[in-house]
file input.txt (compact mmCIF, C-alpha atoms and all ligand atoms)
# COMPACT_ATOMS: atom_id res chain seq x y z
CA MET U 7 7.04 -14.30 -14.62
CA LYS U 8 9.64 -11.61 -14.13
CA GLN U 9 10.90 -10.80 -10.67
CA LEU U 10 8.87 -8.10 -8.95
CA GLU U 11 10.78 -5.12 -7.60
CA ILE U 12 9.57 -2.52 -5.14
CA VAL U 13 9.42 0.95 -6.69
CA HIS U 14 10.49 3.93 -4.61
CA TYR U 15 9.05 7.42 -4.45
CA PRO U 16 9.03 9.54 -6.60
CA ASP U 17 8.57 6.98 -9.37
CA PRO U 18 5.63 8.23 -11.53
CA VAL U 19 3.74 4.93 -11.22
CA LEU U 20 3.20 5.77 -7.53
CA LEU U 21 1.52 9.03 -8.51
CA THR U 22 -0.75 7.52 -11.19
CA VAL U 23 -4.34 6.34 -10.69
CA GLY U 24 -4.41 2.57 -11.24
CA LYS U 25 -6.69 0.86 -13.75
CA PRO U 26 -9.35 -1.52 -12.44
CA VAL U 27 -8.68 -5.25 -12.74
CA GLY U 28 -11.02 -6.41 -15.51
CA SER U 29 -13.20 -9.51 -15.14
CA GLU U 30 -11.21 -11.20 -17.94
CA GLU U 31 -7.98 -10.82 -15.97
CA PHE U 32 -8.96 -13.12 -13.09
CA GLY U 33 -7.33 -16.51 -13.41
CA ILE U 34 -4.30 -18.57 -12.50
CA GLU U 35 -1.79 -16.03 -13.80
CA PHE U 36 -3.34 -13.26 -11.75
CA ARG U 37 -3.40 -15.50 -8.67
CA ASN U 38 0.30 -16.25 -9.18
CA LEU U 39 1.04 -12.53 -9.37
CA VAL U 40 -0.85 -11.93 -6.12
CA ASP U 41 1.03 -14.82 -4.46
CA GLN U 42 4.31 -13.28 -5.57
CA MET U 43 3.27 -9.94 -4.11
CA PHE U 44 2.68 -11.61 -0.74
CA VAL U 45 6.22 -13.02 -0.92
CA VAL U 46 7.75 -9.65 -1.85
CA MET U 47 5.82 -7.93 0.95
CA GLU U 48 6.90 -10.48 3.54
CA LYS U 49 10.57 -10.40 2.45
CA ALA U 50 10.51 -6.61 2.75
CA GLY U 51 8.91 -6.80 6.20
CA GLY U 52 5.78 -4.88 5.22
CA VAL U 53 2.14 -5.40 6.22
CA GLY U 54 0.72 -4.13 2.92
CA LEU U 55 1.82 -3.87 -0.71
CA ALA U 56 -0.14 -2.33 -3.57
CA ALA U 57 0.30 -3.13 -7.27
CA PRO U 58 1.70 0.33 -8.16
CA GLN U 59 4.48 -0.31 -5.63
CA VAL U 60 5.77 -3.10 -7.88
CA GLY U 61 5.32 -0.99 -11.00
CA ILE U 62 1.85 -2.29 -11.95
CA SER U 63 -0.62 0.56 -12.41
CA GLN U 64 -3.69 -1.37 -11.29
CA ARG U 65 -6.14 -1.35 -8.41
CA PHE U 66 -5.24 -4.18 -6.09
CA PHE U 67 -3.13 -4.89 -3.03
CA VAL U 68 -2.14 -7.56 -0.54
CA MET U 69 -2.09 -7.16 3.23
CA ASP U 70 -1.15 -9.24 6.26
CA VAL U 71 -1.73 -7.33 9.45
CA PRO U 72 -1.18 -8.99 12.85
CA GLU U 73 -3.95 -8.55 15.39
CA ASP U 74 -3.82 -8.33 19.18
CA ASP U 75 -5.42 -11.76 19.58
CA GLY U 76 -2.61 -13.40 17.59
CA GLY U 77 -4.66 -13.67 14.41
CA HIS U 78 -3.93 -12.02 11.09
CA GLN U 79 -5.93 -9.93 8.67
CA ARG U 80 -4.45 -11.52 5.54
CA HIS U 81 -6.23 -10.57 2.34
CA ALA U 82 -5.81 -9.91 -1.35
CA ILE U 83 -8.03 -6.92 -2.11
CA ILE U 84 -8.93 -6.37 -5.75
CA ASN U 85 -10.68 -3.20 -7.00
CA PRO U 86 -11.17 -1.79 -3.47
CA ARG U 87 -13.95 0.69 -2.75
CA ILE U 88 -14.24 2.36 0.65
CA VAL U 89 -17.90 2.00 1.66
CA SER U 90 -17.78 3.81 5.00
CA VAL U 91 -15.41 5.07 7.65
CA GLU U 92 -15.72 5.88 11.33
CA GLY U 93 -13.62 7.37 14.10
CA GLU U 94 -10.05 8.56 14.02
CA GLN U 95 -6.56 7.31 14.85
CA THR U 96 -3.16 8.96 14.79
CA GLY U 97 -0.02 6.89 14.61
CA ASP U 98 3.28 6.30 12.88
CA GLU U 99 3.05 5.00 9.37
CA GLY U 100 5.68 3.62 7.03
CA CYS U 101 5.66 2.57 3.38
CA LEU U 102 7.84 0.12 1.45
CA SER U 103 8.18 2.78 -1.27
CA PHE U 104 9.63 5.20 1.32
CA PRO U 105 12.40 3.11 2.92
CA GLY U 106 13.39 4.29 6.38
CA LEU U 107 10.69 6.95 6.58
CA TYR U 108 8.12 6.84 9.39
CA GLN U 109 5.79 9.70 10.10
CA GLN U 110 2.58 10.39 11.99
CA VAL U 111 -0.53 10.16 9.85
CA LYS U 112 -4.13 10.66 10.93
CA ARG U 113 -6.51 8.01 9.57
CA ASP U 114 -10.04 6.73 10.13
CA MET U 115 -10.25 4.16 12.94
CA ARG U 116 -12.66 1.80 11.21
CA VAL U 117 -13.29 1.09 7.56
CA ILE U 118 -15.71 -1.01 5.58
CA VAL U 119 -14.21 -1.89 2.21
CA ALA U 120 -15.94 -3.62 -0.69
CA ALA U 121 -13.72 -5.42 -3.18
CA GLN U 122 -13.21 -8.65 -5.09
CA ASP U 123 -11.07 -11.61 -4.12
CA THR U 124 -8.60 -13.28 -6.50
CA SER U 125 -11.45 -15.32 -8.03
CA GLY U 126 -13.40 -12.17 -8.82
CA GLU U 127 -16.00 -12.86 -6.10
CA ASP U 128 -17.41 -9.86 -4.25
CA ILE U 129 -16.19 -9.46 -0.69
CA GLU U 130 -16.72 -6.91 2.07
CA LEU U 131 -14.47 -6.42 5.08
CA ASP U 132 -15.03 -4.48 8.29
CA LEU U 133 -11.66 -3.59 9.81
CA LYS U 134 -10.35 -1.52 12.70
CA GLY U 135 -7.04 -0.12 13.94
CA LEU U 136 -3.90 -1.06 12.07
CA ALA U 137 -5.83 -3.17 9.54
CA ALA U 138 -8.05 -0.17 8.74
CA ARG U 139 -4.97 2.04 8.46
CA CYS U 140 -3.43 -0.47 6.07
CA VAL U 141 -6.55 -0.65 3.85
CA LEU U 142 -6.72 3.15 3.65
CA HIS U 143 -2.99 3.45 2.89
CA GLU U 144 -3.09 0.76 0.17
CA THR U 145 -6.34 2.02 -1.38
CA ASP U 146 -4.64 5.40 -1.62
CA HIS U 147 -1.83 3.73 -3.61
CA CYS U 148 -4.49 2.46 -6.05
CA ASP U 149 -5.57 6.10 -6.44
CA GLY U 150 -2.02 7.40 -7.01
CA ILE U 151 -1.90 8.93 -3.53
CA VAL U 152 1.12 8.39 -1.26
CA PHE U 153 1.20 8.82 2.51
CA LEU U 154 3.20 12.01 2.11
CA ASP U 155 -0.05 13.54 0.80
CA ARG U 156 -1.85 12.54 4.03
CA MET U 157 0.62 14.21 6.40
CA SER U 158 0.15 17.64 7.92
CA PRO U 159 2.08 20.32 5.96
CA LEU U 160 4.71 20.49 8.72
CA LYS U 161 5.27 16.71 8.83
CA ARG U 162 5.34 16.62 5.04
CA GLU U 163 8.15 19.17 4.93
CA MET U 164 10.07 17.19 7.58
CA ALA U 165 9.55 14.02 5.56
CA LYS U 166 10.71 15.65 2.33
CA ARG U 167 13.85 16.94 4.03
CA LYS U 168 14.59 13.47 5.35
CA ILE U 169 14.10 11.94 1.87
CA LYS U 170 16.54 14.48 0.46
CA ARG U 171 19.08 13.59 3.16
CA LEU U 172 18.73 9.88 2.41
CA GLN U 173 19.07 10.58 -1.33
CA ASN U 174 22.25 12.57 -0.72
CA THR U 175 23.84 9.77 1.30
CA GLY U 176 22.81 7.19 -1.30
CA GLU U 177 20.49 5.37 1.09
CA TRP U 178 17.54 6.10 -1.19
CA ASP U 179 18.15 4.75 -4.66
CA GLY U 180 15.26 6.69 -6.13
CA ARG U 181 13.78 3.84 -8.06
CA PHE U 182 14.20 0.21 -7.11
CA ALA U 183 14.81 -1.72 -3.96
CA ARG U 184 15.94 -5.23 -4.79
CA VAL U 185 14.12 -7.87 -2.82
ZN ZN A 201 2.75 2.45 0.90
call {"tool": "encode", "arguments": {"input": "input.txt", "output": "structure tokens"}}
result
Amino acid sequence: MKQLEIVHYPDPVLLTVGKPVGSEEFGIEFRNLVDQMFVVMEKAGGVGLAAPQVGISQRFFVMDVPEDDGGHQRHAIINPRIVSVEGEQTGDEGCLSFPGLYQQVKRDMRVIVAAQDTSGEDIELDLKGLAARCVLHETDHCDGIVFLDRMSPLKREMAKRKIKRLQNTGEWDGRFARV
């Protein structure tokens, strides 16, 4: 399997709606791909990584979000579908496809997501706080939506100016971050 590389904004794959993972695609190869995505995410210091972020235009992501009680919400989420949301939270958000950029984003506080696991079995998760934020952020990636689109117009302009600055100083390579 070829080495996965994290794709940076504005690569078109990040702005494209991903295709569902078909039932025939589940298997050992797919599981290996998901395992590799966990490794890439961890090396990059992220808590979530969606397939489009490694150049694969499909609907799945991995996440490993620490919880206050010391546990982790560690999941591979295939073909996610947001069932319901509740409440509201505002906090800083980052994205491995936007290196060095953190900005306030308003999200739902709680989310119930239906999906499949890497064996193709149906799962449903009920998550709050950072884990909910992560699921919403990564499901957006599956829909070709980036967190820039979720910012207020003012914050979005600030973010775009910062991206331009980073591009000008060469700190934003525009396409790939090697991991
Ligand atoms: Zn992201």
call {"tool": "residues_near_ligand", "arguments": {"input": "input.txt", "ligand": "ligand ZN 201 (chain A)", "cutoff": "8 Å", "atoms": "all atoms listed in the file", "output": "PyMOL selection string"}}
result
chain U and resi 54-56+59+100-104+143-144+147+152-153
call {"tool": "closest_residue", "arguments": {"input": "input.txt", "among": "U:Glu94, U:Asn85, U:Lys112, U:Val13", "to": "Asp155 in chain U", "atoms": "only C-alpha atoms"}}
result
U:Lys112
call {"tool": "closest_residue", "arguments": {"input": "input.txt", "among": "U:Arg37, U:His14, U:Arg162, U:Arg87", "to": "Pro58 in chain U", "atoms": "all atoms listed in the file"}}
result
U:His14
call {"tool": "residues_around", "arguments": {"input": "input.txt", "residues": "range 120-131 of chain U", "least_positions_apart": "3", "cutoff": "9 Å", "atoms": "all atoms listed in the file", "output": "ChimeraX atom specification"}}
result
/U:29,32-33,36-37,40,81-89,117
call {"tool": "write_last_selection", "arguments": {"input": "input.txt", "atoms": "C-alpha atoms", "output": "mmCIF file, in the frame of the given file"}}
result
data_model
loop_
_atom_site.group_PDB
_atom_site.id
_atom_site.type_symbol
_atom_site.label_atom_id
_atom_site.label_comp_id
_atom_site.auth_asym_id
_atom_site.auth_seq_id
_atom_site.Cartn_x
_atom_site.Cartn_y
_atom_site.Cartn_z
ATOM 1 C CA SER U 29 -13.200 -9.510 -15.140
ATOM 2 C CA PHE U 32 -8.960 -13.120 -13.090
ATOM 3 C CA GLY U 33 -7.330 -16.510 -13.410
ATOM 4 C CA PHE U 36 -3.340 -13.260 -11.750
ATOM 5 C CA ARG U 37 -3.400 -15.500 -8.670
ATOM 6 C CA VAL U 40 -0.850 -11.930 -6.120
ATOM 7 C CA HIS U 81 -6.230 -10.570 2.340
ATOM 8 C CA ALA U 82 -5.810 -9.910 -1.350
ATOM 9 C CA ILE U 83 -8.030 -6.920 -2.110
ATOM 10 C CA ILE U 84 -8.930 -6.370 -5.750
ATOM 11 C CA ASN U 85 -10.680 -3.200 -7.000
ATOM 12 C CA PRO U 86 -11.170 -1.790 -3.470
ATOM 13 C CA ARG U 87 -13.950 0.690 -2.750
ATOM 14 C CA ILE U 88 -14.240 2.360 0.650
ATOM 15 C CA VAL U 89 -17.900 2.000 1.660
ATOM 16 C CA VAL U 117 -13.290 1.090 7.560
#
call {"tool": "closest_residue", "arguments": {"input": "input.txt", "among": "U:Ile169, U:Thr96, U:Asn174, U:Gln79", "to": "Tyr15 in chain U", "atoms": "all atoms listed in the file"}}
result
U:Ile169
call {"tool": "closest_residue", "arguments": {"input": "input.txt", "among": "U:Val19, U:Val111, U:Ala137, U:Ile12", "to": "Ile151 in chain U", "atoms": "all atoms listed in the file"}}
result
U:Val19
call {"tool": "closest_residue", "arguments": {"input": "input.txt", "among": "U:Gln42, U:Pro105, U:Leu10, U:Gly51", "to": "Gln173 in chain U", "atoms": "all atoms listed in the file"}}
result
U:Pro105
call {"tool": "atom_distance", "arguments": {"input": "input.txt", "atom1": "CA of Gln64 in chain U", "atom2": "CA of Leu39 in chain U"}}
result
12.3 Å
call {"tool": "closest_residue", "arguments": {"input": "input.txt", "among": "U:Glu30, U:Cys140, U:Leu133, U:Leu107", "to": "Leu172 in chain U", "atoms": "all atoms listed in the file"}}
result
U:Leu107
call {"tool": "atom_distance", "arguments": {"input": "input.txt", "atom1": "CA of Asp74 in chain U", "atom2": "CA of Arg113 in chain U"}}
result
19.1 Å
call {"tool": "atom_distance", "arguments": {"input": "input.txt", "atom1": "CA of Gly24 in chain U", "atom2": "CA of Trp178 in chain U"}}
result
24.4 Å
call {"tool": "axis_aligned_box", "arguments": {"input": "input.txt", "around": "range 50-53 of chain U", "padding_each_side": "5 Å", "output": "AutoDock Vina command-line options"}}
result
--center_x 6.3 --center_y -5.8 --center_z 4.5 --size_x 18.4 --size_y 11.9 --size_z 13.5
call {"tool": "build_atoms", "arguments": {"input": "input.txt", "residues": "range 111-135 of chain U", "atoms": "N, CA, C and O atoms", "output": "tab-separated table (two decimals), in the frame of the given file"}}
result
chain	number	residue	atom	x	y	z
U	111	VAL	N	0.55	9.91	10.81
U	111	VAL	CA	-0.53	10.16	9.85
U	111	VAL	C	-1.86	9.90	10.56
U	111	VAL	O	-2.02	8.90	11.27
U	112	LYS	N	-2.79	10.82	10.36
U	112	LYS	CA	-4.13	10.66	10.93
U	112	LYS	C	-4.99	9.87	9.94
U	112	LYS	O	-4.99	10.17	8.74
U	113	ARG	N	-5.67	8.85	10.43
U	113	ARG	CA	-6.51	8.01	9.57
U	113	ARG	C	-7.83	7.73	10.28
U	113	ARG	O	-7.96	7.90	11.49
U	114	ASP	N	-8.80	7.20	9.52
U	114	ASP	CA	-10.04	6.73	10.13
U	114	ASP	C	-9.74	5.48	10.95
U	114	ASP	O	-8.87	4.68	10.61
U	115	MET	N	-10.48	5.29	12.04
U	115	MET	CA	-10.25	4.16	12.94
U	115	MET	C	-10.85	2.86	12.41
U	115	MET	O	-10.32	1.78	12.64
U	116	ARG	N	-11.96	3.00	11.68
U	116	ARG	CA	-12.66	1.80	11.21
U	116	ARG	C	-13.05	2.01	9.75
U	116	ARG	O	-13.41	3.13	9.36
U	117	VAL	N	-12.95	0.97	8.97
U	117	VAL	CA	-13.29	1.09	7.56
U	117	VAL	C	-14.05	-0.16	7.10
U	117	VAL	O	-13.75	-1.27	7.52
U	118	ILE	N	-15.06	0.09	6.29
U	118	ILE	CA	-15.71	-1.01	5.58
U	118	ILE	C	-15.32	-0.87	4.12
U	118	ILE	O	-15.50	0.19	3.51
U	119	VAL	N	-14.70	-1.93	3.59
U	119	VAL	CA	-14.21	-1.89	2.21
U	119	VAL	C	-14.88	-3.00	1.41
U	119	VAL	O	-14.96	-4.14	1.86
U	120	ALA	N	-15.40	-2.64	0.25
U	120	ALA	CA	-15.94	-3.62	-0.69
U	120	ALA	C	-14.89	-3.85	-1.76
U	120	ALA	O	-14.19	-2.92	-2.16
U	121	ALA	N	-14.76	-5.09	-2.21
U	121	ALA	CA	-13.72	-5.42	-3.18
U	121	ALA	C	-14.06	-6.75	-3.84
U	121	ALA	O	-15.18	-7.25	-3.71
U	122	GLN	N	-13.09	-7.29	-4.57
U	122	GLN	CA	-13.21	-8.65	-5.09
U	122	GLN	C	-12.02	-9.45	-4.56
U	122	GLN	O	-10.98	-8.88	-4.23
U	123	ASP	N	-12.21	-10.75	-4.48
U	123	ASP	CA	-11.07	-11.61	-4.12
U	123	ASP	C	-10.38	-12.05	-5.42
U	123	ASP	O	-10.76	-11.60	-6.51
U	124	THR	N	-9.38	-12.92	-5.32
U	124	THR	CA	-8.60	-13.28	-6.50
U	124	THR	C	-9.39	-14.14	-7.49
U	124	THR	O	-8.93	-14.38	-8.60
U	125	SER	N	-10.58	-14.60	-7.08
U	125	SER	CA	-11.45	-15.32	-8.03
U	125	SER	C	-12.46	-14.38	-8.67
U	125	SER	O	-13.29	-14.81	-9.47
U	126	GLY	N	-12.44	-13.12	-8.27
U	126	GLY	CA	-13.40	-12.17	-8.82
U	126	GLY	C	-14.71	-12.12	-8.05
U	126	GLY	O	-15.64	-11.42	-8.43
U	127	GLU	N	-14.78	-12.87	-6.94
U	127	GLU	CA	-16.00	-12.86	-6.10
U	127	GLU	C	-16.04	-11.58	-5.27
U	127	GLU	O	-15.01	-11.10	-4.79
U	128	ASP	N	-17.25	-11.06	-5.07
U	128	ASP	CA	-17.41	-9.86	-4.25
U	128	ASP	C	-17.15	-10.19	-2.78
U	128	ASP	O	-17.62	-11.21	-2.28
U	129	ILE	N	-16.42	-9.32	-2.12
U	129	ILE	CA	-16.19	-9.46	-0.69
U	129	ILE	C	-16.41	-8.11	-0.02
U	129	ILE	O	-16.37	-7.06	-0.67
U	130	GLU	N	-16.64	-8.15	1.29
U	130	GLU	CA	-16.72	-6.91	2.07
U	130	GLU	C	-16.06	-7.18	3.41
U	130	GLU	O	-16.32	-8.19	4.05
U	131	LEU	N	-15.19	-6.26	3.83
U	131	LEU	CA	-14.47	-6.42	5.08
U	131	LEU	C	-14.72	-5.22	5.98
U	131	LEU	O	-14.80	-4.09	5.51
U	132	ASP	N	-14.81	-5.51	7.27
U	132	ASP	CA	-15.03	-4.48	8.29
U	132	ASP	C	-13.81	-4.53	9.21
U	132	ASP	O	-13.64	-5.48	9.97
U	133	LEU	N	-12.95	-3.52	9.13
U	133	LEU	CA	-11.66	-3.59	9.81
U	133	LEU	C	-11.42	-2.36	10.68
U	133	LEU	O	-11.91	-1.27	10.38
U	134	LYS	N	-10.64	-2.59	11.73
U	134	LYS	CA	-10.35	-1.52	12.70
U	134	LYS	C	-8.83	-1.39	12.90
U	134	LYS	O	-8.07	-2.30	12.56
U	135	GLY	N	-8.43	-0.28	13.49
U	135	GLY	CA	-7.04	-0.12	13.94
U	135	GLY	C	-6.04	-0.21	12.81
U	135	GLY	O	-6.23	0.40	11.74
